[in-house]
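*Asks:* This is structure34.txt, which holds compact mmCIF, N, CA and C atoms:
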```
# COMPACT_ATOMS: atom_id res chain seq x y z
N SER C 1 -6.99 22.52 21.35
CA SER C 1 -5.61 22.84 21.69
C SER C 1 -4.76 21.59 21.61
N ASP C 2 -3.46 21.79 21.52
CA ASP C 2 -2.54 20.66 21.44
C ASP C 2 -2.58 19.81 22.69
N ARG C 3 -2.75 20.46 23.83
CA ARG C 3 -2.78 19.74 25.10
C ARG C 3 -4.00 18.81 25.16
N SER C 4 -5.16 19.28 24.74
CA SER C 4 -6.35 18.43 24.77
C SER C 4 -6.24 17.32 23.73
N SER C 5 -5.63 17.60 22.58
CA SER C 5 -5.41 16.57 21.57
C SER C 5 -4.52 15.46 22.11
N GLU C 6 -3.47 15.87 22.79
CA GLU C 6 -2.56 14.88 23.39
C GLU C 6 -3.29 14.05 24.44
N ALA C 7 -4.14 14.67 25.22
CA ALA C 7 -4.90 13.95 26.25
C ALA C 7 -5.85 12.94 25.62
N ILE C 8 -6.50 13.33 24.55
CA ILE C 8 -7.43 12.42 23.87
C ILE C 8 -6.69 11.22 23.29
N VAL C 9 -5.58 11.47 22.63
CA VAL C 9 -4.78 10.39 22.05
C VAL C 9 -4.25 9.49 23.15
N SER C 10 -3.81 10.06 24.25
CA SER C 10 -3.31 9.29 25.38
C SER C 10 -4.41 8.40 25.97
N THR C 11 -5.61 8.95 26.09
CA THR C 11 -6.75 8.18 26.60
C THR C 11 -7.06 7.02 25.67
N LEU C 12 -7.08 7.27 24.37
CA LEU C 12 -7.33 6.20 23.40
C LEU C 12 -6.26 5.13 23.50
N ARG C 13 -5.01 5.55 23.57
CA ARG C 13 -3.91 4.59 23.68
C ARG C 13 -4.09 3.70 24.92
N ASN C 14 -4.46 4.29 26.05
CA ASN C 14 -4.68 3.53 27.28
C ASN C 14 -5.86 2.58 27.15
N LEU C 15 -6.92 3.02 26.52
CA LEU C 15 -8.08 2.15 26.31
C LEU C 15 -7.72 0.95 25.44
N LEU C 16 -6.93 1.18 24.42
CA LEU C 16 -6.55 0.10 23.52
C LEU C 16 -5.59 -0.88 24.17
N ARG C 17 -4.87 -0.44 25.18
CA ARG C 17 -3.96 -1.34 25.92
C ARG C 17 -4.73 -2.25 26.87
N GLY C 18 -5.91 -1.84 27.26
CA GLY C 18 -6.70 -2.60 28.22
C GLY C 18 -7.40 -3.78 27.59
N ASP C 19 -8.26 -4.38 28.38
CA ASP C 19 -9.00 -5.56 27.93
C ASP C 19 -10.39 -5.22 27.44
N ASP C 20 -10.64 -3.96 27.13
CA ASP C 20 -11.97 -3.54 26.71
C ASP C 20 -12.23 -4.01 25.29
N THR C 21 -13.00 -5.08 25.16
CA THR C 21 -13.29 -5.62 23.83
C THR C 21 -14.40 -4.84 23.13
N ASN C 22 -15.00 -3.85 23.80
CA ASN C 22 -16.04 -3.06 23.16
C ASN C 22 -15.52 -2.33 21.92
N PHE C 23 -14.23 -2.04 21.90
CA PHE C 23 -13.66 -1.37 20.73
C PHE C 23 -13.69 -2.26 19.51
N ALA C 24 -13.73 -3.56 19.71
CA ALA C 24 -13.73 -4.49 18.59
C ALA C 24 -15.13 -4.72 18.04
N GLU C 25 -16.15 -4.20 18.73
CA GLU C 25 -17.53 -4.46 18.34
C GLU C 25 -18.12 -3.31 17.54
N GLN C 26 -19.22 -3.63 16.86
CA GLN C 26 -19.98 -2.62 16.13
C GLN C 26 -21.14 -2.17 17.00
N ASP C 27 -21.54 -0.90 16.84
CA ASP C 27 -22.68 -0.40 17.59
C ASP C 27 -23.99 -0.75 16.88
N CYS C 28 -25.10 -0.19 17.33
CA CYS C 28 -26.42 -0.53 16.77
C CYS C 28 -26.57 -0.11 15.31
N LEU C 29 -25.71 0.77 14.81
CA LEU C 29 -25.73 1.18 13.41
C LEU C 29 -24.68 0.45 12.59
N GLY C 30 -23.98 -0.45 13.26
CA GLY C 30 -22.92 -1.18 12.59
C GLY C 30 -21.62 -0.41 12.52
N PHE C 31 -21.55 0.72 13.23
CA PHE C 31 -20.34 1.54 13.23
C PHE C 31 -19.28 0.93 14.15
N THR C 32 -18.06 0.98 13.69
CA THR C 32 -16.89 0.67 14.51
C THR C 32 -16.32 2.01 14.97
N PRO C 33 -15.38 2.00 15.89
CA PRO C 33 -14.73 3.27 16.25
C PRO C 33 -14.13 3.99 15.03
N LEU C 34 -13.67 3.22 14.05
CA LEU C 34 -13.10 3.83 12.85
C LEU C 34 -14.17 4.54 12.02
N HIS C 35 -15.37 3.97 11.94
CA HIS C 35 -16.49 4.64 11.26
C HIS C 35 -16.78 5.98 11.96
N ILE C 36 -16.87 5.92 13.28
CA ILE C 36 -17.21 7.12 14.05
C ILE C 36 -16.16 8.20 13.86
N LEU C 37 -14.91 7.81 13.94
CA LEU C 37 -13.82 8.77 13.76
C LEU C 37 -13.86 9.36 12.34
N SER C 38 -14.17 8.54 11.36
CA SER C 38 -14.23 9.00 9.98
C SER C 38 -15.38 9.99 9.75
N CYS C 39 -16.40 9.91 10.57
CA CYS C 39 -17.54 10.84 10.48
C CYS C 39 -17.25 12.16 11.19
N SER C 40 -16.21 12.20 11.96
CA SER C 40 -15.90 13.37 12.77
C SER C 40 -15.49 14.57 11.92
N THR C 41 -15.63 15.74 12.48
CA THR C 41 -15.13 16.94 11.81
C THR C 41 -13.74 17.30 12.31
N LEU C 42 -13.29 16.63 13.36
CA LEU C 42 -11.93 16.82 13.87
C LEU C 42 -11.16 15.53 13.62
N HIS C 43 -10.06 15.65 12.90
CA HIS C 43 -9.30 14.47 12.51
C HIS C 43 -7.90 14.54 13.10
N ARG C 44 -7.57 13.51 13.87
CA ARG C 44 -6.23 13.39 14.46
C ARG C 44 -5.59 12.14 13.89
N LEU C 45 -4.57 12.34 13.09
CA LEU C 45 -3.91 11.24 12.40
C LEU C 45 -3.52 10.12 13.35
N GLU C 46 -2.98 10.48 14.51
CA GLU C 46 -2.51 9.47 15.46
C GLU C 46 -3.66 8.57 15.94
N MET C 47 -4.85 9.12 16.07
CA MET C 47 -6.00 8.31 16.49
C MET C 47 -6.34 7.27 15.42
N TYR C 48 -6.33 7.69 14.17
CA TYR C 48 -6.57 6.75 13.07
C TYR C 48 -5.51 5.66 13.06
N GLU C 49 -4.26 6.08 13.21
CA GLU C 49 -3.16 5.11 13.19
C GLU C 49 -3.32 4.08 14.30
N LEU C 50 -3.69 4.52 15.50
CA LEU C 50 -3.88 3.60 16.62
C LEU C 50 -5.00 2.61 16.35
N LEU C 51 -6.13 3.11 15.86
CA LEU C 51 -7.26 2.21 15.60
C LEU C 51 -6.94 1.22 14.49
N ILE C 52 -6.27 1.68 13.45
CA ILE C 52 -5.91 0.77 12.34
C ILE C 52 -4.89 -0.26 12.81
N GLU C 53 -3.96 0.16 13.64
CA GLU C 53 -2.95 -0.77 14.17
C GLU C 53 -3.62 -1.89 14.98
N HIS C 54 -4.59 -1.54 15.81
CA HIS C 54 -5.24 -2.53 16.67
C HIS C 54 -6.37 -3.29 15.98
N TYR C 55 -7.05 -2.65 15.05
CA TYR C 55 -8.21 -3.26 14.40
C TYR C 55 -8.20 -3.02 12.89
N PRO C 56 -7.21 -3.57 12.18
CA PRO C 56 -7.13 -3.32 10.74
C PRO C 56 -8.37 -3.82 9.98
N HIS C 57 -9.04 -4.83 10.51
CA HIS C 57 -10.24 -5.35 9.83
C HIS C 57 -11.37 -4.32 9.82
N HIS C 58 -11.33 -3.32 10.71
CA HIS C 58 -12.36 -2.29 10.71
C HIS C 58 -12.32 -1.44 9.45
N LEU C 59 -11.20 -1.43 8.75
CA LEU C 59 -11.12 -0.71 7.47
C LEU C 59 -12.15 -1.25 6.47
N PHE C 60 -12.46 -2.54 6.61
CA PHE C 60 -13.33 -3.23 5.65
C PHE C 60 -14.71 -3.56 6.21
N THR C 61 -14.93 -3.23 7.49
CA THR C 61 -16.19 -3.55 8.14
C THR C 61 -17.29 -2.64 7.61
N LYS C 62 -18.38 -3.26 7.19
CA LYS C 62 -19.51 -2.49 6.65
C LYS C 62 -20.52 -2.22 7.75
N ASP C 63 -21.08 -1.02 7.73
CA ASP C 63 -22.12 -0.67 8.69
C ASP C 63 -23.47 -1.18 8.20
N LYS C 64 -24.54 -0.79 8.84
CA LYS C 64 -25.85 -1.34 8.50
C LYS C 64 -26.32 -0.91 7.10
N TRP C 65 -25.68 0.10 6.52
CA TRP C 65 -26.01 0.53 5.16
C TRP C 65 -25.04 -0.04 4.14
N GLY C 66 -24.08 -0.84 4.61
CA GLY C 66 -23.11 -1.45 3.73
C GLY C 66 -21.92 -0.57 3.41
N ASP C 67 -21.68 0.45 4.24
CA ASP C 67 -20.61 1.41 3.97
C ASP C 67 -19.41 1.21 4.89
N ILE C 68 -18.24 1.46 4.34
CA ILE C 68 -16.98 1.34 5.07
C ILE C 68 -16.52 2.73 5.52
N PRO C 69 -15.60 2.79 6.48
CA PRO C 69 -15.15 4.10 6.98
C PRO C 69 -14.64 5.06 5.90
N LEU C 70 -14.02 4.54 4.85
CA LEU C 70 -13.50 5.40 3.79
C LEU C 70 -14.60 6.28 3.19
N LEU C 71 -15.79 5.73 3.03
CA LEU C 71 -16.89 6.53 2.47
C LEU C 71 -17.15 7.76 3.33
N TYR C 72 -17.19 7.59 4.63
CA TYR C 72 -17.49 8.72 5.52
C TYR C 72 -16.36 9.75 5.53
N ALA C 73 -15.12 9.28 5.41
CA ALA C 73 -14.00 10.23 5.35
C ALA C 73 -14.07 11.05 4.06
N LEU C 74 -14.42 10.40 2.96
CA LEU C 74 -14.56 11.12 1.69
C LEU C 74 -15.74 12.08 1.74
N TRP C 75 -16.86 11.61 2.27
CA TRP C 75 -18.09 12.40 2.34
C TRP C 75 -17.87 13.65 3.21
N GLY C 76 -17.15 13.47 4.29
CA GLY C 76 -16.90 14.58 5.20
C GLY C 76 -15.71 15.43 4.79
N ARG C 77 -15.13 15.09 3.65
CA ARG C 77 -13.97 15.84 3.13
C ARG C 77 -12.84 15.89 4.17
N ALA C 78 -12.56 14.73 4.75
CA ALA C 78 -11.44 14.62 5.69
C ALA C 78 -10.15 15.04 4.97
N PRO C 79 -9.18 15.53 5.70
CA PRO C 79 -7.92 15.92 5.07
C PRO C 79 -7.33 14.76 4.26
N ARG C 80 -6.64 15.11 3.20
CA ARG C 80 -6.05 14.09 2.31
C ARG C 80 -5.18 13.10 3.07
N VAL C 81 -4.45 13.55 4.08
CA VAL C 81 -3.58 12.65 4.83
C VAL C 81 -4.40 11.55 5.51
N ILE C 82 -5.61 11.87 5.94
CA ILE C 82 -6.49 10.88 6.58
C ILE C 82 -7.03 9.90 5.53
N VAL C 83 -7.53 10.45 4.42
CA VAL C 83 -8.07 9.61 3.35
C VAL C 83 -6.96 8.70 2.81
N ASP C 84 -5.77 9.26 2.62
CA ASP C 84 -4.65 8.45 2.14
C ASP C 84 -4.28 7.35 3.12
N LEU C 85 -4.33 7.66 4.41
CA LEU C 85 -4.04 6.63 5.41
C LEU C 85 -5.07 5.50 5.33
N LEU C 86 -6.35 5.85 5.28
CA LEU C 86 -7.40 4.83 5.20
C LEU C 86 -7.25 3.99 3.93
N ALA C 87 -7.18 4.67 2.79
CA ALA C 87 -7.10 3.96 1.51
C ALA C 87 -5.80 3.16 1.40
N GLY C 88 -4.69 3.77 1.79
CA GLY C 88 -3.40 3.09 1.72
C GLY C 88 -3.34 1.89 2.66
N SER C 89 -3.95 2.02 3.83
CA SER C 89 -3.99 0.91 4.79
C SER C 89 -4.86 -0.23 4.26
N MET C 90 -5.94 0.13 3.57
CA MET C 90 -6.77 -0.90 2.94
C MET C 90 -5.94 -1.68 1.93
N ARG C 91 -5.22 -0.96 1.12
CA ARG C 91 -4.38 -1.58 0.09
C ARG C 91 -3.31 -2.45 0.75
N LYS C 92 -2.72 -1.95 1.83
CA LYS C 92 -1.65 -2.67 2.53
C LYS C 92 -2.16 -3.96 3.17
N HIS C 93 -3.31 -3.88 3.84
CA HIS C 93 -3.82 -5.03 4.60
C HIS C 93 -4.59 -6.03 3.75
N HIS C 94 -5.05 -5.61 2.59
CA HIS C 94 -5.82 -6.52 1.73
C HIS C 94 -5.69 -6.00 0.30
N SER C 95 -4.56 -6.30 -0.31
CA SER C 95 -4.23 -5.70 -1.61
C SER C 95 -5.23 -6.04 -2.72
N ASN C 96 -5.96 -7.11 -2.57
CA ASN C 96 -6.93 -7.51 -3.61
C ASN C 96 -8.35 -7.05 -3.31
N TYR C 97 -8.54 -6.28 -2.25
CA TYR C 97 -9.88 -5.83 -1.87
C TYR C 97 -10.48 -4.96 -2.97
N GLU C 98 -11.69 -5.29 -3.37
CA GLU C 98 -12.41 -4.53 -4.38
C GLU C 98 -13.30 -3.50 -3.69
N VAL C 99 -12.91 -2.26 -3.75
CA VAL C 99 -13.72 -1.19 -3.17
C VAL C 99 -14.97 -1.03 -4.02
N ASP C 100 -16.11 -0.89 -3.39
CA ASP C 100 -17.37 -0.70 -4.11
C ASP C 100 -17.54 0.78 -4.47
N TRP C 101 -16.74 1.22 -5.44
CA TRP C 101 -16.76 2.63 -5.85
C TRP C 101 -18.14 3.01 -6.38
N ALA C 102 -18.76 2.14 -7.16
CA ALA C 102 -20.09 2.44 -7.72
C ALA C 102 -21.11 2.60 -6.60
N GLY C 103 -21.01 1.77 -5.57
CA GLY C 103 -21.91 1.89 -4.43
C GLY C 103 -21.71 3.20 -3.69
N MET C 104 -20.45 3.62 -3.56
CA MET C 104 -20.17 4.90 -2.91
C MET C 104 -20.74 6.05 -3.73
N ILE C 105 -20.56 5.99 -5.03
CA ILE C 105 -21.10 7.04 -5.91
C ILE C 105 -22.62 7.08 -5.79
N ARG C 106 -23.23 5.91 -5.78
CA ARG C 106 -24.70 5.83 -5.64
C ARG C 106 -25.14 6.46 -4.32
N THR C 107 -24.44 6.15 -3.24
CA THR C 107 -24.76 6.72 -1.93
C THR C 107 -24.65 8.24 -1.96
N PHE C 108 -23.56 8.73 -2.52
CA PHE C 108 -23.37 10.19 -2.61
C PHE C 108 -24.49 10.84 -3.43
N CYS C 109 -24.83 10.24 -4.56
CA CYS C 109 -25.86 10.82 -5.43
C CYS C 109 -27.24 10.77 -4.78
N GLU C 110 -27.58 9.64 -4.18
CA GLU C 110 -28.89 9.50 -3.53
C GLU C 110 -29.02 10.45 -2.34
N SER C 111 -27.90 10.78 -1.72
CA SER C 111 -27.91 11.66 -0.55
C SER C 111 -27.68 13.12 -0.92
N LEU C 112 -27.57 13.38 -2.22
CA LEU C 112 -27.33 14.74 -2.71
C LEU C 112 -26.06 15.35 -2.12
N ALA C 113 -25.03 14.51 -2.00
CA ALA C 113 -23.74 14.99 -1.51
C ALA C 113 -23.16 15.98 -2.52
N PRO C 114 -22.36 16.90 -2.06
CA PRO C 114 -21.74 17.87 -2.99
C PRO C 114 -20.89 17.18 -4.06
N VAL C 115 -20.82 17.77 -5.20
CA VAL C 115 -20.01 17.24 -6.30
C VAL C 115 -18.56 17.07 -5.86
N SER C 116 -18.11 17.92 -4.96
CA SER C 116 -16.72 17.82 -4.49
C SER C 116 -16.44 16.46 -3.84
N CYS C 117 -17.46 15.83 -3.26
CA CYS C 117 -17.28 14.50 -2.68
C CYS C 117 -17.00 13.48 -3.78
N LEU C 118 -17.73 13.59 -4.87
CA LEU C 118 -17.51 12.68 -6.01
C LEU C 118 -16.13 12.90 -6.62
N GLU C 119 -15.72 14.14 -6.70
CA GLU C 119 -14.40 14.44 -7.23
C GLU C 119 -13.31 13.88 -6.32
N TYR C 120 -13.50 14.01 -5.03
CA TYR C 120 -12.54 13.50 -4.04
C TYR C 120 -12.45 11.97 -4.15
N LEU C 121 -13.59 11.33 -4.32
CA LEU C 121 -13.65 9.88 -4.46
C LEU C 121 -12.89 9.43 -5.71
N THR C 122 -13.17 10.04 -6.85
CA THR C 122 -12.51 9.61 -8.09
C THR C 122 -11.01 9.90 -8.04
N GLU C 123 -10.63 11.01 -7.45
CA GLU C 123 -9.22 11.35 -7.33
C GLU C 123 -8.51 10.35 -6.42
N THR C 124 -9.16 9.93 -5.34
CA THR C 124 -8.59 8.94 -4.42
C THR C 124 -8.45 7.59 -5.12
N CYS C 125 -9.47 7.20 -5.84
CA CYS C 125 -9.41 5.94 -6.60
C CYS C 125 -8.26 5.98 -7.58
N ARG C 126 -8.13 7.06 -8.31
CA ARG C 126 -7.08 7.20 -9.33
C ARG C 126 -5.68 7.11 -8.69
N ARG C 127 -5.50 7.71 -7.52
CA ARG C 127 -4.18 7.74 -6.89
C ARG C 127 -3.82 6.45 -6.16
N VAL C 128 -4.79 5.90 -5.42
CA VAL C 128 -4.47 4.77 -4.53
C VAL C 128 -4.86 3.42 -5.13
N PHE C 129 -5.91 3.40 -5.93
CA PHE C 129 -6.39 2.15 -6.53
C PHE C 129 -6.48 2.30 -8.05
N PRO C 130 -5.40 2.67 -8.73
CA PRO C 130 -5.49 2.92 -10.17
C PRO C 130 -5.99 1.70 -10.95
N ASP C 131 -5.70 0.50 -10.45
CA ASP C 131 -6.16 -0.72 -11.12
C ASP C 131 -7.68 -0.87 -11.05
N GLN C 132 -8.34 -0.13 -10.16
CA GLN C 132 -9.81 -0.22 -10.04
C GLN C 132 -10.51 0.93 -10.75
N MET C 133 -9.75 1.81 -11.35
CA MET C 133 -10.33 2.98 -12.00
C MET C 133 -11.29 2.59 -13.12
N ALA C 134 -10.96 1.56 -13.88
CA ALA C 134 -11.83 1.14 -14.99
C ALA C 134 -13.20 0.74 -14.49
N ARG C 135 -13.26 0.09 -13.34
CA ARG C 135 -14.57 -0.31 -12.77
C ARG C 135 -15.34 0.89 -12.27
N LEU C 136 -14.63 1.93 -11.91
CA LEU C 136 -15.28 3.15 -11.42
C LEU C 136 -16.03 3.85 -12.54
N VAL C 137 -15.45 3.87 -13.72
CA VAL C 137 -16.05 4.61 -14.83
C VAL C 137 -16.93 3.76 -15.73
N SER C 138 -16.98 2.48 -15.49
CA SER C 138 -17.80 1.62 -16.37
C SER C 138 -19.23 1.54 -15.90
```
Turn the structure described in the file into structure tokens.
*Replies:*
Amino acid sequence: SDRSSEAIVSTLRNLLRGDDTNFAEQDCLGFTPLHILSCSTLHRLEMYELLIEHYPHHLFTKDKWGDIPLLYALWGRAPRVIVDLLAGSMRKHHSNYEVDWAGMIRTFCESLAPVSCLEYLTETCRRVFPDQMARLVS
């Protein structure tokens, strides 16, 4: 419900205002809060925006498998607005960052991810990182 969504966002906002440095750390799998949110089946744009605002470096933080939050958002078929926020924020905060598209494709293939995940990945690369498209197909 909208009321519970608002409560969750409010709780996150309050946590981020505090001195809790646990949000800046990775867990035993190397996940940041942004990784965990990207794995979720419920996506709240405002939660992503808050985490990116406070911890933009988490966009690029690799987990124990070497994966960034964008991979999980693509894999889970997060709404385009979420994927665009993640990818666009990556571009904004580090315009020269080289996304490991081949590594993501390899992960999807080795994990037998649906073809739709690969299509979503290539479409995202084409729209947000057109300069990296050649490396994706080579």
*Asks:* Extract, using only C-alpha atoms, all DNA, RNA and protein residues at most 12 Å from region 85-93 of chain C, discarding same-chain residues fewer than 4 positions from it, and format them as a ChimeraX atom specification.
*Replies:* /C:34-35,37-38,43-53,55-61,68-74,78-81,97-99,121,123-132
*Asks:* Which distance in Å separates CA of Asp63 (chain C) and CA of Pro114 (chain C), to one decimal?
*Replies:* 21.9 Å
*Asks:* Any idea what the distance is between atom C of Gly103 (chain C) and atom N of His54 (chain C)?
*Replies:* 26.4 Å
*Asks:* Specify the axis-aligned box that encloses all atoms of region 29-43 of chain C listed in the file after padding of 6 Å on each side, stating its centre and edge lengths in Å to one decimal as JSON.
*Replies:*
```
{"center_x": -16.8, "center_y": 8.1, "center_z": 13.0, "size_x": 29.8, "size_y": 30.5, "size_z": 18.5}
```
*Asks:* Take atom N of Cys117 (chain C) and CA of Arg77 (chain C) and report the distance between them in Å, one decimal.
*Replies:* 7.3 Å
